[in-house]
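File shown here: data_2.txt, holding compact mmCIF, C-alpha atoms and all ligand atoms.
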# COMPACT_ATOMS: atom_id res chain seq x y z
CA ASP A 284 -1.54 -24.42 22.04
CA GLN A 285 -0.36 -27.96 21.33
CA GLY A 286 -3.11 -30.52 21.07
CA ARG A 287 -5.90 -28.02 20.51
CA ALA A 288 -7.81 -28.58 17.27
CA LYS A 289 -7.09 -25.82 14.79
CA ALA A 290 -9.79 -24.58 12.46
CA PRO A 291 -8.58 -24.61 8.85
CA LEU A 292 -7.52 -21.17 7.70
CA PRO A 293 -9.71 -19.60 5.02
CA THR A 294 -7.66 -19.93 1.85
CA ASP A 295 -7.44 -16.25 1.03
CA ARG A 296 -6.54 -14.97 4.50
CA PRO A 297 -2.76 -14.73 4.91
CA ALA A 298 -1.54 -16.82 7.82
CA HIS A 299 -0.03 -15.10 10.86
CA VAL A 300 -0.96 -11.59 9.76
CA ARG A 301 -2.92 -9.51 12.26
CA ARG A 302 -4.15 -6.74 10.00
CA VAL A 303 -4.32 -6.07 6.25
CA LEU A 304 -4.40 -2.41 5.29
CA ALA A 305 -4.93 -1.28 1.70
CA VAL A 306 -3.57 1.89 0.13
CA ALA A 307 -5.67 2.90 -2.86
CA SER A 308 -6.16 5.73 -5.30
CA GLY A 309 -8.72 6.52 -7.93
CA LYS A 310 -6.00 7.69 -10.31
CA GLY A 311 -2.46 6.70 -11.17
CA GLY A 312 0.48 8.96 -10.47
CA VAL A 313 -0.93 10.60 -7.35
CA GLY A 314 1.72 9.10 -5.08
CA LYS A 315 -0.11 6.01 -3.84
CA SER A 316 3.01 3.81 -3.84
CA THR A 317 5.12 6.54 -2.27
CA VAL A 318 2.56 6.83 0.51
CA ALA A 319 2.28 3.04 0.91
CA VAL A 320 6.04 2.60 1.35
CA ASN A 321 6.53 5.53 3.70
CA LEU A 322 3.41 4.70 5.71
CA ALA A 323 4.72 1.15 6.11
CA ALA A 324 8.04 2.59 7.34
CA ALA A 325 6.19 4.89 9.74
CA LEU A 326 4.18 1.96 11.15
CA SER A 327 7.45 0.08 11.57
CA ALA A 328 8.92 3.09 13.41
CA ARG A 329 6.04 2.73 15.88
CA GLY A 330 7.44 -0.68 16.79
CA LEU A 331 5.11 -2.81 14.69
CA SER A 332 6.27 -5.64 12.47
CA VAL A 333 5.25 -4.60 8.99
CA GLY A 334 5.07 -6.12 5.54
CA ILE A 335 4.25 -4.51 2.24
CA LEU A 336 2.67 -6.21 -0.75
CA ASP A 337 2.85 -4.41 -4.06
CA ALA A 338 -0.31 -5.48 -5.85
CA ASP A 339 -0.06 -2.76 -8.49
CA VAL A 340 -0.21 -4.98 -11.54
CA TYR A 341 -0.15 -1.96 -13.86
CA GLY A 342 3.10 -0.50 -12.61
CA PRO A 343 4.77 -2.27 -9.71
CA SER A 344 7.12 0.31 -8.23
CA LEU A 345 7.95 -1.26 -4.87
CA PRO A 346 11.20 -2.90 -6.09
CA THR A 347 12.53 0.52 -7.12
CA MET A 348 11.17 2.33 -4.08
CA LEU A 349 12.71 -0.15 -1.65
CA GLY A 350 15.78 -0.98 -3.74
CA ILE A 351 15.08 -4.70 -4.01
CA SER A 352 15.45 -7.01 -6.99
CA GLY A 353 15.56 -10.66 -7.89
CA GLN A 354 13.05 -13.46 -7.56
CA PRO A 355 12.34 -14.29 -3.94
CA ALA A 356 13.59 -17.56 -2.46
CA TYR A 357 11.26 -20.47 -1.79
CA GLU A 358 11.59 -22.41 1.41
CA ASP A 359 9.36 -25.27 2.54
CA GLY A 360 6.77 -24.31 -0.05
CA ALA A 361 6.62 -20.67 1.03
CA ILE A 362 7.88 -17.50 -0.60
CA VAL A 363 10.52 -15.83 1.56
CA PRO A 364 9.96 -12.08 1.34
CA HIS A 365 12.81 -9.65 0.79
CA ILE A 366 13.55 -7.46 3.77
CA ALA A 367 14.33 -3.80 3.11
CA HIS A 368 14.45 -0.96 5.64
CA GLY A 369 12.98 -3.37 8.17
CA LEU A 370 9.96 -4.16 5.98
CA LYS A 371 9.07 -7.57 4.59
CA ALA A 372 8.36 -6.89 0.95
CA MET A 373 6.82 -8.73 -1.96
CA SER A 374 5.91 -7.33 -5.35
CA VAL A 375 4.20 -8.53 -8.47
CA GLY A 376 7.21 -6.92 -10.15
CA LEU A 377 9.51 -9.58 -8.67
CA LEU A 378 7.53 -12.42 -10.20
CA THR A 379 8.09 -11.39 -13.76
CA LYS A 380 10.72 -9.48 -15.67
CA MET A 381 10.28 -5.97 -14.38
CA ASP A 382 10.44 -4.26 -17.74
CA ASP A 383 7.82 -6.46 -19.35
CA ALA A 384 4.72 -4.63 -20.36
CA MET A 385 2.20 -6.31 -18.15
CA ILE A 386 -1.30 -6.59 -19.38
CA TRP A 387 -3.24 -8.35 -16.70
CA ARG A 388 -6.82 -9.33 -16.89
CA GLY A 389 -8.88 -9.38 -13.70
CA PRO A 390 -8.79 -13.09 -12.87
CA MET A 391 -5.07 -13.38 -13.62
CA ALA A 392 -4.20 -10.36 -11.56
CA SER A 393 -6.24 -11.46 -8.59
CA GLN A 394 -4.80 -14.97 -8.76
CA ALA A 395 -1.25 -13.59 -8.67
CA ILE A 396 -2.11 -11.32 -5.76
CA THR A 397 -3.84 -14.10 -3.84
CA GLN A 398 -0.74 -16.25 -4.25
CA MET A 399 1.60 -13.53 -3.03
CA LEU A 400 -0.74 -12.83 -0.16
CA THR A 401 -1.20 -16.38 1.05
CA GLN A 402 2.06 -18.08 0.03
CA THR A 403 4.50 -15.50 1.34
CA ARG A 404 5.86 -16.15 4.81
CA TRP A 405 4.79 -12.79 6.27
CA GLY A 406 4.81 -14.01 9.82
CA THR A 407 5.03 -17.17 11.88
CA ALA A 408 2.94 -18.57 14.70
CA ASP A 409 5.54 -17.28 17.17
CA ALA A 410 6.03 -13.92 15.48
CA PRO A 411 2.93 -12.84 13.60
CA LEU A 412 3.12 -9.82 11.35
CA ASP A 413 1.29 -6.85 12.89
CA VAL A 414 0.34 -5.07 9.67
CA LEU A 415 0.46 -5.92 6.00
CA VAL A 416 0.18 -2.84 3.79
CA VAL A 417 -1.20 -3.64 0.33
CA ASP A 418 -0.45 -1.19 -2.47
CA LEU A 419 -3.46 -1.68 -4.76
CA PRO A 420 -3.53 -0.90 -8.49
CA PRO A 421 -4.96 2.58 -9.16
CA GLY A 422 -8.45 2.98 -10.48
CA THR A 423 -11.94 1.72 -9.88
CA GLY A 424 -12.50 -0.76 -12.69
CA ASP A 425 -13.10 -4.50 -12.82
CA VAL A 426 -9.53 -5.48 -11.93
CA GLN A 427 -9.65 -3.38 -8.77
CA LEU A 428 -13.11 -4.63 -7.84
CA THR A 429 -12.09 -8.27 -8.26
CA LEU A 430 -8.97 -7.67 -6.22
CA ILE A 431 -10.67 -6.00 -3.30
CA GLN A 432 -13.38 -8.64 -3.30
CA LYS A 433 -10.82 -11.42 -3.11
CA THR A 434 -8.41 -9.78 -0.69
CA PRO A 435 -9.28 -9.86 3.00
CA LEU A 436 -8.84 -6.14 3.72
CA ASP A 437 -9.35 -4.79 7.22
CA GLY A 438 -9.42 -1.18 6.06
CA ALA A 439 -8.29 1.17 3.31
CA VAL A 440 -6.70 4.58 3.03
CA ILE A 441 -7.23 6.60 -0.13
CA VAL A 442 -4.54 8.84 -1.57
CA SER A 443 -5.45 11.79 -3.77
CA THR A 444 -3.89 14.94 -5.08
CA PRO A 445 -5.87 18.11 -4.32
CA GLN A 446 -7.37 18.79 -7.76
CA GLU A 447 -11.03 18.12 -8.48
CA VAL A 448 -10.24 15.60 -11.24
CA ALA A 449 -8.28 13.45 -8.79
CA LEU A 450 -10.80 13.91 -5.98
CA ALA A 451 -13.66 12.76 -8.21
CA ASP A 452 -11.78 9.48 -8.69
CA ALA A 453 -11.03 9.26 -4.97
CA ARG A 454 -14.80 9.43 -4.40
CA ARG A 455 -15.26 6.49 -6.75
CA ALA A 456 -12.60 4.54 -4.85
CA HIS A 457 -14.47 5.16 -1.59
CA THR A 458 -17.72 3.99 -3.21
CA LEU A 459 -15.99 0.82 -4.39
CA PHE A 460 -14.85 0.02 -0.84
CA GLN A 461 -18.33 0.70 0.50
CA ARG A 462 -19.74 -1.77 -2.02
CA VAL A 463 -17.55 -4.55 -0.63
CA ASN A 464 -17.90 -3.50 3.03
CA VAL A 465 -14.30 -2.46 3.55
CA SER A 466 -14.10 0.58 5.77
CA THR A 467 -12.27 3.60 4.43
CA LEU A 468 -9.97 4.72 7.24
CA GLY A 469 -9.40 8.09 5.66
CA LEU A 470 -8.05 10.27 2.89
CA ILE A 471 -4.50 11.57 2.46
CA GLU A 472 -3.88 14.64 0.34
CA ASN A 473 -0.57 14.26 -1.49
CA MET A 474 1.39 16.87 -3.47
CA SER A 475 -0.38 19.53 -1.48
CA GLY A 476 0.75 23.10 -2.11
CA PRO A 477 0.92 25.89 -4.67
CA VAL A 478 1.24 23.60 -7.72
CA PHE A 479 -1.83 21.40 -7.34
CA GLY A 480 -3.62 23.40 -4.66
CA GLU A 481 -4.45 22.53 -1.11
CA GLY A 482 -7.47 21.90 1.05
CA GLY A 483 -9.39 19.90 -1.54
CA GLY A 484 -8.63 16.63 0.22
CA LYS A 485 -9.87 17.85 3.57
CA ALA A 486 -13.08 19.24 2.06
CA GLU A 487 -13.67 15.99 0.17
CA ALA A 488 -13.09 13.89 3.28
CA GLU A 489 -15.70 15.99 5.08
CA ARG A 490 -18.16 15.54 2.21
CA LEU A 491 -17.64 11.77 2.32
CA SER A 492 -17.73 11.68 6.13
CA ILE A 493 -14.39 9.92 6.32
CA PRO A 494 -11.39 11.05 8.39
CA PHE A 495 -8.89 13.40 6.79
CA LEU A 496 -5.53 11.85 7.66
CA GLY A 497 -3.23 14.65 6.63
CA ALA A 498 -1.51 16.50 3.81
CA LEU A 499 1.92 15.81 2.31
CA PRO A 500 3.70 18.54 0.38
CA LEU A 501 5.27 18.21 -3.05
CA ASP A 502 8.79 17.50 -1.85
CA ALA A 503 11.89 16.60 -3.84
CA ALA A 504 13.12 14.31 -1.05
CA LEU A 505 10.09 12.05 -1.52
CA ARG A 506 10.70 11.76 -5.25
CA GLU A 507 14.45 11.26 -4.93
CA GLY A 508 14.07 8.75 -2.10
CA GLY A 509 11.54 6.83 -4.19
CA ASP A 510 13.85 6.62 -7.18
CA ALA A 511 16.84 5.64 -5.04
CA GLY A 512 15.15 2.92 -2.98
CA ARG A 513 15.53 5.04 0.15
CA PRO A 514 12.16 6.05 1.64
CA PRO A 515 12.70 9.28 3.62
CA VAL A 516 10.69 8.00 6.60
CA ALA A 517 13.26 5.23 7.03
CA THR A 518 16.40 7.13 6.04
CA ASP A 519 15.63 10.49 7.69
CA PRO A 520 13.52 9.56 10.73
CA GLN A 521 13.85 13.02 12.29
CA GLY A 522 12.81 14.90 9.15
CA ASP A 523 9.61 16.74 8.31
CA ILE A 524 8.36 13.94 6.01
CA ALA A 525 8.86 11.35 8.75
CA ARG A 526 7.00 13.55 11.23
CA ARG A 527 4.02 13.89 8.89
CA PHE A 528 3.90 10.16 8.24
CA ALA A 529 4.18 9.44 11.96
CA GLU A 530 1.01 11.46 12.50
CA ILE A 531 -0.78 9.52 9.79
CA ALA A 532 0.52 6.16 11.09
CA ALA A 533 -0.84 6.99 14.53
CA ARG A 534 -4.32 7.32 13.06
CA VAL A 535 -4.70 4.23 10.88
P1 LIG B 601 1.24 6.15 -7.89
O1 LIG B 601 1.59 4.96 -7.06
O2 LIG B 601 0.00 6.85 -7.43
O3 LIG B 601 1.24 5.89 -9.35
P2 LIG B 601 3.90 7.07 -7.20
O4 LIG B 601 3.97 6.88 -5.73
O5 LIG B 601 4.57 6.09 -8.08
O6 LIG B 601 2.37 7.24 -7.66
O7 LIG B 601 4.41 8.54 -7.49
C1 LIG B 601 4.53 9.04 -8.80
C2 LIG B 601 5.77 9.90 -8.87
O8 LIG B 601 5.60 11.06 -8.07
C3 LIG B 601 7.02 9.22 -8.34
O9 LIG B 601 8.11 9.65 -9.09
C4 LIG B 601 7.12 9.72 -6.90
O10 LIG B 601 8.47 9.74 -6.44
C5 LIG B 601 6.59 11.13 -7.05
N1 LIG B 601 5.95 11.65 -5.83
C6 LIG B 601 4.92 11.08 -5.15
N2 LIG B 601 4.55 11.87 -4.11
C7 LIG B 601 5.38 12.95 -4.13
C8 LIG B 601 5.52 14.13 -3.32
N3 LIG B 601 4.70 14.37 -2.28
N4 LIG B 601 6.49 15.00 -3.64
C9 LIG B 601 7.32 14.77 -4.71
N5 LIG B 601 7.23 13.72 -5.51
C10 LIG B 601 6.28 12.80 -5.23

What is this file in structure tokens?
Amino acid sequence: DQGRAKAPLPTDRPAHVRRVLAVASGKGGVGKSTVAVNLAAALSARGLSVGILDADVYGPSLPTMLGISGQPAYEDGAIVPHIAHGLKAMSVGLLTKMDDAMIWRGPMASQAITQMLTQTRWGTADAPLDVLVVDLPPGTGDVQLTLIQKTPLDGAVIVSTPQEVALADARRAHTLFQRVNVSTLGLIENMSGPVFGEGGGKAEAERLSIPFLGALPLDAALREGGDAGRPPVATDPQGDIARRFAEIAARV
């Protein structure tokens, strides 16, 4: 499209990215990052070009979960994302020493995220990125609100464990997205089974009138793969975990 006038890009919309999909949770420790990474891998397995942005300023776990480290390179004023398991990846944990206790206030956190979002070379004019998965910080406080107001999200999935205490926070997360007009694409019940119970996620999704996207069992392979930088969806594409994520990926 040489010669055609180009409208300036809005500053907070990442260039050459078709769709920005958030993964959120009302609570920490429910498996949000695990779901974000494996969902990204499942979208990639569907033939899409996929990036993942770890915006979890409280506990960036993407570097560990994808086995990446080191500050990203800069080229022509852009951040060059790491590539791991076919995913373009960028994490707030790569911008600072990973073991530092990070106490971010809202404006600082959202500025860092905006920079990673807009300055990373996710795609190019010739090869736009199909989906950028954003792993949001858990919770429904000011930091999260500022972030989702400033981030151009095309939709969000909410991860919860089956217990009422987690589901109550998942409800708050849904309310937060409604307040900023981001559509909740559905709820995923993680760690489903005899330990934390099952069915609570589905019932909650029905109460909230949002799609129930599926249940994931408590499974040692997910934990081990997360710790080892080897997401099961990418490393065991024929396995049960990959099959479950494929079903979820087909619906978001
Ligand atoms: P969050 O992002 O919500 O804080 P994480 O994805 O970091 O949660 O998960 C917390 C811990 O639980 C990690 O050690 C992860 O490997 C583990 N985990 C998450 N989901 C599962 C699951 N379905 N089965 C087993 N372990 C899981």

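Look at Thr407 of chain A: the protein and nucleic acid residues within 8 Å of it, using all atoms listed in the file and passing over chain neighbours fewer than 5 places away, are Ala298, His299 and Leu412 of chain A.
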
Ligand LIG 601 (chain B) neighbours within 9 Å using only C-alpha atoms and all ligand atoms, as a tab-separated table (two decimals) with C-alpha atoms, in the coordinates of the input:
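So the final result, stored in part25.tsv, reads:
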chain	number	residue	atom	x	y	z
A	307	ALA	CA	-5.67	2.90	-2.86
A	308	SER	CA	-6.16	5.73	-5.30
A	309	GLY	CA	-8.72	6.52	-7.93
A	310	LYS	CA	-6.00	7.69	-10.31
A	311	GLY	CA	-2.46	6.70	-11.17
A	312	GLY	CA	0.48	8.96	-10.47
A	313	VAL	CA	-0.93	10.60	-7.35
A	314	GLY	CA	1.72	9.10	-5.08
A	315	LYS	CA	-0.11	6.01	-3.84
A	316	SER	CA	3.01	3.81	-3.84
A	317	THR	CA	5.12	6.54	-2.27
A	318	VAL	CA	2.56	6.83	0.51
A	319	ALA	CA	2.28	3.04	0.91
A	320	VAL	CA	6.04	2.60	1.35
A	339	ASP	CA	-0.06	-2.76	-8.49
A	342	GLY	CA	3.10	-0.50	-12.61
A	343	PRO	CA	4.77	-2.27	-9.71
A	344	SER	CA	7.12	0.31	-8.23
A	345	LEU	CA	7.95	-1.26	-4.87
A	348	MET	CA	11.17	2.33	-4.08
A	418	ASP	CA	-0.45	-1.19	-2.47
A	419	LEU	CA	-3.46	-1.68	-4.76
A	420	PRO	CA	-3.53	-0.90	-8.49
A	421	PRO	CA	-4.96	2.58	-9.16
A	442	VAL	CA	-4.54	8.84	-1.57
A	443	SER	CA	-5.45	11.79	-3.77
A	472	GLU	CA	-3.88	14.64	0.34
A	473	ASN	CA	-0.57	14.26	-1.49
A	474	MET	CA	1.39	16.87	-3.47
A	475	SER	CA	-0.38	19.53	-1.48
A	498	ALA	CA	-1.51	16.50	3.81
A	499	LEU	CA	1.92	15.81	2.31
A	500	PRO	CA	3.70	18.54	0.38
A	501	LEU	CA	5.27	18.21	-3.05
A	502	ASP	CA	8.79	17.50	-1.85
A	503	ALA	CA	11.89	16.60	-3.84
A	504	ALA	CA	13.12	14.31	-1.05
A	505	LEU	CA	10.09	12.05	-1.52
A	506	ARG	CA	10.70	11.76	-5.25
A	507	GLU	CA	14.45	11.26	-4.93
A	508	GLY	CA	14.07	8.75	-2.10
A	509	GLY	CA	11.54	6.83	-4.19
A	510	ASP	CA	13.85	6.62	-7.18

Report task. Go ahead and find all residues with at least one atom no further than 6 Å from (10.1, -9.8, -9.5) in the file's coordinates, using all atoms listed in the file; report them as a VMD selection string. Result -> chain A and resid 353 to 354 376 to 379

Requested in this report: Figure out the distance between atom CA of Gln427 of chain A and atom CA of Met373 of chain A, please, to one decimal in Å.
Outcome: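 Separation of atom CA of Met373 of chain A and atom CA of Gln427 of chain A: 18.6 Å.
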
**Report entry** Nearby residues (all atoms listed in the file) at most 7 Å from Ala305 of chain A, same-chain spacing under 4 positions excluded, as a list in words
**Finding:**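 Using all atoms listed in the file, the neighbours found are Val416, Val417, Asp418, Leu419, Leu436, Gly438, Ala439 and Val440 of chain A.
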
Query raised in the report: For Phe460 of chain A, which of A:Gly483, A:Pro445, A:Pro435, A:Pro514 is the closest residue, counting all atoms listed in the file?
Result: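 When distances to Phe460 of chain A are compared using all atoms listed in the file, the smallest one comes from A:Pro435.
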
Query - Among listed residues A:Val303, A:Asp359, A:Leu400, A:Arg513, nearest Ser466 of chain A (using only C-alpha atoms) - result: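 Using only C-alpha atoms, the shortest distance to Ser466 of chain A belongs to A:Val303.
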
Requested in this report: For atom CA of Ala323 of chain A and atom CA of Ala532 of chain A, determine how far apart the two atoms are, in Å to one decimal place.
Outcome: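 Computing it gives 8.2 Å between the two atoms.
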
Query raised in the report: How many Å lie between atom CA of Gly350 of chain A and atom CA of Leu496 of chain A, rounded to one decimal?
Result: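 The value is 27.4 Å.
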